[in-house]
Amino acid sequence: MSFADMDVDTIWMDGEFVDWEDAQIHVLTHGLHYGTGVFEGIRCYDTERGPAVFRFDEHLERLYQSAKPYDLDIGYSLEELKEATLELIRRQDMESCYIRPISFFGYDSLGVSPKDCPTRTAIACWPWGTYLGEDALEEGVEVMVSSWRKHASSQIPTNAKATGPYVNSLLAGEEARSNGYVEAIVLNKEGNVAEGPGENIFLVDDGEIYTPGLAQSILDGITRKTAITLAEELGYTVHDEAVISRSQLYTADELFFTGTAAEVTPIKGVDDNEIGAGTRGPVTEEIQQVFFDLVERRTDDHEEWFTYVNEQ
Ligand SMILES: Cc1ncc(COP(=O)(O)O)c(C=O)c1O
């Protein structure tokens with residue numbers, strides 16, 4: 001859905017709430033030319049106690065971690081960003097939304113070194129439904145293994161959520177979509193499974209669960225960590241440092257993606273190979289069920305992961 005069709009009117013930018021149309025930057029902004037920014041994607045869910053932000057601190061902590069290798073000083077404390085976000089949600093009266101904090105090198109000069117470029121920091125939020133299509137959560141998605149490899153962490157910090165590296169995600173995702181698939185799976189430099197363009201990946205085999213570890217050039221996904229915890233609480237053995245080959249994908253009993261946008265999305269086919277019975281598998285369904293019960297607060301479990309917007 002286009003922003004033009006959304007009921008949104010305010011953005012927090014550099015310490016102030018501004019009208020949506022006024023959240024502008026100069027065309028010679030450093031971050032625009034060189035992808036020198038860091039960002040987050042966070043979901044706020046509609047619950048009986050009003051909007052609740054999921055794992056807010058962890059997402060903001062990751063924002064500061066992402067900024068580290070780029071020596072980008074965000075300029076605001078975690079508490080300040082948190083308060084600004086909560087107020088932004090309240091001002092726009094949102095029941096649920098996706099939250100996008102971003103911090104980038106601004107306008108001063110255009111050498112690759114950002115030395116005198118000031119940091120610009122903004123937060124926006126908007127309504128965002130299912131990421132991979134209406135039926136994706138129930139039916140699962142068809143994916144292809146991309147011909148593009150994920151960059152190695154010797155080339156770029158892969159556990160930092162920086163803006164520039166997302167051109168890799170764009171290439172992989174668009175390649176998949178232009179070939180008729182919903183999403184891509186990206187292999188790492190060694191040819192093992194890394195993740196999706198905006199998702200981590202899980203494999204179920206013989207009742208046990210496997211997901212690539214951080215050394216496989218993945219983003220340290222917060223939904224990944226959540227799924228690992230929930231699966232272990234359900235009694236599953238989770239191998240969270242797994243090395244998964246391309247061919248293991250084809251013979252898996254089940255596969256699913258996790259991510260803030262994608263939530264828990266089953267994968268029903270890879271490169272036209274049916275996964276399991278070609279529908280959402282039982283383990284995936286169980287984890288999905290527990291995940292949505294959790295984030296929509298139909299349970300009291302893991303209260304520590306929620307920030308209730310109207311109770312702060
Ligand atoms: C490349 C990549 N991997 C994994 C994820 C999933 O991370 P999270 O669950 O923290 O949203 C994302 C989304 O942020 C991503 O962009």
# chains A, B, ... in the order shown; residues from 1 in each chain; ligands from 1

$ residues_near_ligand --ligand "ligand 1" --cutoff "8 Å" --atoms "only C-alpha atoms and all ligand atoms" --output "PDB file with C-alpha atoms, in the first residue's frame"
ATOM      1  CA  GLU A  40      15.280  -0.768  12.362  1.00  0.00           C
ATOM      2  CA  GLY A  41      11.957  -2.389  11.618  1.00  0.00           C
ATOM      3  CA  ILE A  42       9.741  -2.909  14.653  1.00  0.00           C
ATOM      4  CA  HIS A  59      15.425  -3.477  18.352  1.00  0.00           C
ATOM      5  CA  LYS A 161      21.218  -3.418   9.786  1.00  0.00           C
ATOM      6  CA  TYR A 166      20.015  -3.804   1.259  1.00  0.00           C
ATOM      7  CA  SER A 169      18.270  -7.907  -0.706  1.00  0.00           C
ATOM      8  CA  GLU A 195      18.675 -16.195   4.971  1.00  0.00           C
ATOM      9  CA  GLY A 196      15.980 -14.429   2.975  1.00  0.00           C
ATOM     10  CA  PRO A 197      16.376 -10.837   1.711  1.00  0.00           C
ATOM     11  CA  GLY A 198      14.501  -9.597   4.785  1.00  0.00           C
ATOM     12  CA  GLU A 199      13.977 -12.781   6.776  1.00  0.00           C
ATOM     13  CA  ASN A 200      15.804 -15.503   8.671  1.00  0.00           C
ATOM     14  CA  ILE A 218      22.916 -13.591   8.648  1.00  0.00           C
ATOM     15  CA  LEU A 219      21.290 -10.705  10.436  1.00  0.00           C
ATOM     16  CA  ASP A 220      20.818 -11.529  14.114  1.00  0.00           C
ATOM     17  CA  GLY A 221      17.044 -11.459  13.754  1.00  0.00           C
ATOM     18  CA  ILE A 222      14.897 -10.684  16.747  1.00  0.00           C
ATOM     19  CA  THR A 223      12.029 -12.798  15.417  1.00  0.00           C
ATOM     20  CA  ARG A 224      14.595 -15.575  14.901  1.00  0.00           C
ATOM     21  CA  LYS A 225      15.514 -15.371  18.583  1.00  0.00           C
ATOM     22  CA  THR A 258      10.902 -15.336  10.384  1.00  0.00           C
ATOM     23  CA  GLY A 259      11.155 -11.557  10.465  1.00  0.00           C
ATOM     24  CA  THR A 260       9.503  -8.483  11.870  1.00  0.00           C
ATOM     25  CA  ALA A 261       7.758  -7.864   8.561  1.00  0.00           C
ATOM     26  CA  ALA A 262       7.287 -11.527   7.547  1.00  0.00           C
ATOM     27  CA  GLU A 263       6.475 -12.680  11.117  1.00  0.00           C
TER      28      GLU A 263
END

$ select_by_dssp --residues "region 81-212 of chain A" --states "helix (DSSP H, G or I)" --output "number ranges by chain"
A: 81-91, 136-139, 166-178

$ residues_around --residues "Glu174 (chain A)" --least-positions-apart "4" --cutoff "9 Å" --atoms "only C-alpha atoms" --output "PyMOL selection string"
chain A and resi 169-170+178-179+183-184

$ closest_residue --among "A:Thr265, A:Thr36, A:Ser217, A:Thr229" --to "Ser113 (chain A)" --atoms "only C-alpha atoms"
A:Thr36

$ residues_around --residues "Gly35 (chain A)" --least-positions-apart "3" --cutoff "12 Å" --atoms "only C-alpha atoms" --output "PyMOL selection string"
chain A and resi 29-32+38-39+70+102-106+112+114+161-167

$ atom_distance --atom1 "CA of Leu81 (chain A)" --atom2 "CA of Thr47 (chain A)"
22.3 Å

$ residues_around --residues "Ile89 (chain A)" --least-positions-apart "6" --cutoff "12 Å" --atoms "only C-alpha atoms" --output "VMD selection string"
chain A and resid 8 to 12 17 43 to 46 50 to 53 82 to 83 95 to 100 123 to 127 308 to 310

$ write_last_selection --atoms "C-alpha atoms" --output "CSV table (one decimal), in the first residue's frame"
chain,number,residue,atom,x,y,z
A,8,VAL,CA,-0.4,9.1,8.6
A,9,ASP,CA,0.5,12.7,9.2
A,10,THR,CA,3.5,13.0,11.5
A,11,ILE,CA,7.2,12.0,11.6
A,12,TRP,CA,9.7,12.5,14.3
A,17,PHE,CA,7.5,16.2,15.4
A,43,ARG,CA,6.1,-4.0,15.0
A,44,CYS,CA,3.6,-2.6,17.4
A,45,TYR,CA,0.6,-5.0,17.8
A,46,ASP,CA,-3.0,-4.3,18.6
A,50,GLY,CA,-3.9,-1.1,23.4
A,51,PRO,CA,-0.9,-0.9,21.1
A,52,ALA,CA,2.1,-2.9,22.3
A,53,VAL,CA,5.6,-2.6,20.8
A,82,LYS,CA,11.7,5.2,22.7
A,83,GLU,CA,9.8,8.1,24.1
A,95,GLU,CA,-3.7,0.6,17.1
A,96,SER,CA,-1.0,-1.3,15.4
A,97,CYS,CA,1.8,-0.3,13.1
A,98,TYR,CA,5.3,-0.9,11.7
A,99,ILE,CA,8.0,1.4,13.2
A,100,ARG,CA,11.0,2.6,11.2
A,123,ILE,CA,11.3,7.8,13.2
A,124,ALA,CA,8.2,7.1,11.1
A,125,CYS,CA,5.4,4.6,11.7
A,126,TRP,CA,2.6,3.4,9.5
A,127,PRO,CA,0.1,0.5,9.3
A,308,TYR,CA,2.3,-0.9,26.1
A,309,VAL,CA,2.1,2.5,24.4
A,310,ASN,CA,-0.7,3.9,26.5

$ residues_around --residues "Glu274 (chain A)" --least-positions-apart "4" --cutoff "9 Å" --atoms "only C-alpha atoms" --output "ChimeraX atom specification"
/A:142,250-251,268-270,278-279

$ closest_residue --among "A:Ala231, A:Ala4, A:Val193, A:Leu60" --to "Gln288 (chain A)" --atoms "only C-alpha atoms"
A:Ala231

$ residues_around --residues "Leu234 (chain A)" --least-positions-apart "5" --cutoff "10 Å" --atoms "only C-alpha atoms" --output "PyMOL selection string"
chain A and resi 228-229+283+286-287+290

$ write_last_selection --atoms "N, CA, C and O atoms" --output "PDB file, in the first residue's frame"
ATOM      1  N   ILE A 228      13.185 -19.236  18.254  1.00  0.00           N
ATOM      2  CA  ILE A 228      14.027 -20.245  18.928  1.00  0.00           C
ATOM      3  C   ILE A 228      13.502 -20.466  20.355  1.00  0.00           C
ATOM      4  O   ILE A 228      13.291 -21.603  20.795  1.00  0.00           O
ATOM      5  N   THR A 229      13.259 -19.372  21.059  1.00  0.00           N
ATOM      6  CA  THR A 229      12.762 -19.481  22.441  1.00  0.00           C
ATOM      7  C   THR A 229      11.415 -20.204  22.468  1.00  0.00           C
ATOM      8  O   THR A 229      11.205 -21.125  23.283  1.00  0.00           O
ATOM      9  N   VAL A 283       4.723 -28.325  12.415  1.00  0.00           N
ATOM     10  CA  VAL A 283       5.616 -27.640  13.369  1.00  0.00           C
ATOM     11  C   VAL A 283       5.547 -26.133  13.122  1.00  0.00           C
ATOM     12  O   VAL A 283       5.441 -25.327  14.062  1.00  0.00           O
ATOM     13  N   GLU A 286       2.359 -24.801  14.541  1.00  0.00           N
ATOM     14  CA  GLU A 286       2.389 -24.717  16.003  1.00  0.00           C
ATOM     15  C   GLU A 286       3.172 -23.478  16.469  1.00  0.00           C
ATOM     16  O   GLU A 286       2.732 -22.739  17.351  1.00  0.00           O
ATOM     17  N   ILE A 287       4.309 -23.245  15.827  1.00  0.00           N
ATOM     18  CA  ILE A 287       5.132 -22.082  16.215  1.00  0.00           C
ATOM     19  C   ILE A 287       4.415 -20.776  15.840  1.00  0.00           C
ATOM     20  O   ILE A 287       4.392 -19.823  16.618  1.00  0.00           O
ATOM     21  N   VAL A 290       1.663 -20.091  18.438  1.00  0.00           N
ATOM     22  CA  VAL A 290       2.212 -19.573  19.695  1.00  0.00           C
ATOM     23  C   VAL A 290       2.720 -18.140  19.495  1.00  0.00           C
ATOM     24  O   VAL A 290       2.546 -17.274  20.352  1.00  0.00           O
TER      25      VAL A 290
END

$ closest_residue --among "A:Pro69, A:Gly235, A:Gly129, A:Gly75" --to "Pro157 (chain A)" --atoms "only C-alpha atoms"
A:Pro69

$ select_by_dssp --residues "region 223-302 of chain A" --states "strand (DSSP E)" --output "list in words"
Val238, His239, Asp240, Glu241, Ala242, Glu254, Leu255, Phe256, Phe257, Thr258, Gly259, Glu263, Val264, Thr265, Pro266, Ile267, Lys268, Gly269, Val270, Asn273 and Glu274 of chain A

$ closest_residue --among "A:Gly15, A:Val264, A:Leu255, A:Thr237" --to "Tyr131 (chain A)" --atoms "only C-alpha atoms"
A:Val264

$ atom_distance --atom1 "CA of Trp305 (chain A)" --atom2 "CA of Arg120 (chain A)"
28.1 Å

$ closest_residue --among "A:Ala23, A:Ser77, A:Asn273, A:Lys189" --to "Ser154 (chain A)" --atoms "only C-alpha atoms"
A:Lys189

$ closest_residue --among "A:Gln216, A:Gln312, A:Thr211, A:Ser146" --to "His239 (chain A)" --atoms "only C-alpha atoms"
A:Thr211

$ decode --residues "region 279-304 of chain A" --atoms "N, CA and C atoms" --output "JSON list (two decimals), in the first residue's frame"
[["chain", "number", "residue", "atom", "x", "y", "z"],
["A", 279, "THR", "N", 2.32, -27.71, 1.68],
["A", 279, "THR", "CA", 1.45, -26.79, 2.43],
["A", 279, "THR", "C", 2.18, -26.45, 3.74],
["A", 280, "ARG", "N", 1.53, -25.61, 4.55],
["A", 280, "ARG", "CA", 2.13, -25.30, 5.85],
["A", 280, "ARG", "C", 2.26, -26.58, 6.68],
["A", 281, "GLY", "N", 3.43, -26.82, 7.22],
["A", 281, "GLY", "CA", 3.65, -28.04, 8.01],
["A", 281, "GLY", "C", 3.21, -27.87, 9.45],
["A", 282, "PRO", "N", 3.05, -28.98, 10.18],
["A", 282, "PRO", "CA", 2.52, -28.92, 11.55],
["A", 282, "PRO", "C", 3.42, -28.19, 12.55],
["A", 283, "VAL", "N", 4.72, -28.33, 12.42],
["A", 283, "VAL", "CA", 5.62, -27.64, 13.37],
["A", 283, "VAL", "C", 5.55, -26.13, 13.12],
["A", 284, "THR", "N", 5.57, -25.76, 11.86],
["A", 284, "THR", "CA", 5.46, -24.34, 11.51],
["A", 284, "THR", "C", 4.15, -23.78, 12.05],
["A", 285, "GLU", "N", 3.08, -24.52, 11.87],
["A", 285, "GLU", "CA", 1.76, -24.05, 12.32],
["A", 285, "GLU", "C", 1.75, -23.86, 13.84],
["A", 286, "GLU", "N", 2.36, -24.80, 14.54],
["A", 286, "GLU", "CA", 2.39, -24.72, 16.00],
["A", 286, "GLU", "C", 3.17, -23.48, 16.47],
["A", 287, "ILE", "N", 4.31, -23.25, 15.83],
["A", 287, "ILE", "CA", 5.13, -22.08, 16.21],
["A", 287, "ILE", "C", 4.42, -20.78, 15.84],
["A", 288, "GLN", "N", 3.80, -20.79, 14.67],
["A", 288, "GLN", "CA", 3.00, -19.62, 14.26],
["A", 288, "GLN", "C", 1.91, -19.30, 15.28],
["A", 289, "GLN", "N", 1.20, -20.34, 15.67],
["A", 289, "GLN", "CA", 0.09, -20.18, 16.62],
["A", 289, "GLN", "C", 0.58, -19.54, 17.93],
["A", 290, "VAL", "N", 1.66, -20.09, 18.44],
["A", 290, "VAL", "CA", 2.21, -19.57, 19.70],
["A", 290, "VAL", "C", 2.72, -18.14, 19.50],
["A", 291, "PHE", "N", 3.31, -17.88, 18.34],
["A", 291, "PHE", "CA", 3.84, -16.55, 18.05],
["A", 291, "PHE", "C", 2.70, -15.52, 18.02],
["A", 292, "PHE", "N", 1.65, -15.82, 17.28],
["A", 292, "PHE", "CA", 0.56, -14.83, 17.18],
["A", 292, "PHE", "C", -0.22, -14.70, 18.48],
["A", 293, "ASP", "N", -0.37, -15.79, 19.22],
["A", 293, "ASP", "CA", -0.98, -15.69, 20.55],
["A", 293, "ASP", "C", -0.14, -14.76, 21.43],
["A", 294, "LEU", "N", 1.16, -14.88, 21.27],
["A", 294, "LEU", "CA", 2.06, -14.06, 22.08],
["A", 294, "LEU", "C", 1.97, -12.59, 21.71],
["A", 295, "VAL", "N", 2.16, -12.27, 20.42],
["A", 295, "VAL", "CA", 2.26, -10.85, 20.04],
["A", 295, "VAL", "C", 0.92, -10.13, 20.13],
["A", 296, "GLU", "N", -0.15, -10.88, 19.97],
["A", 296, "GLU", "CA", -1.47, -10.25, 20.11],
["A", 296, "GLU", "C", -1.96, -10.35, 21.55],
["A", 297, "ARG", "N", -1.13, -10.82, 22.43],
["A", 297, "ARG", "CA", -1.33, -10.90, 23.88],
["A", 297, "ARG", "C", -2.56, -11.72, 24.28],
["A", 298, "ARG", "N", -2.71, -12.88, 23.65],
["A", 298, "ARG", "CA", -3.74, -13.81, 24.12],
["A", 298, "ARG", "C", -3.16, -14.72, 25.20],
["A", 299, "THR", "N", -1.98, -14.38, 25.66],
["A", 299, "THR", "CA", -1.31, -15.10, 26.75],
["A", 299, "THR", "C", -0.57, -14.07, 27.58],
["A", 300, "ASP", "N", -0.23, -14.44, 28.81],
["A", 300, "ASP", "CA", 0.56, -13.52, 29.65],
["A", 300, "ASP", "C", 2.05, -13.79, 29.53],
["A", 301, "ASP", "N", 2.41, -14.80, 28.73],
["A", 301, "ASP", "CA", 3.83, -15.17, 28.63],
["A", 301, "ASP", "C", 4.68, -14.03, 28.10],
["A", 302, "HIS", "N", 5.89, -13.97, 28.59],
["A", 302, "HIS", "CA", 6.89, -13.02, 28.10],
["A", 302, "HIS", "C", 6.40, -11.57, 28.11],
["A", 303, "GLU", "N", 5.80, -11.18, 29.21],
["A", 303, "GLU", "CA", 5.39, -9.77, 29.38],
["A", 303, "GLU", "C", 6.56, -8.82, 29.14],
["A", 304, "GLU", "N", 7.77, -9.34, 29.48],
["A", 304, "GLU", "CA", 8.97, -8.48, 29.39],
["A", 304, "GLU", "C", 9.28, -8.05, 27.96]]
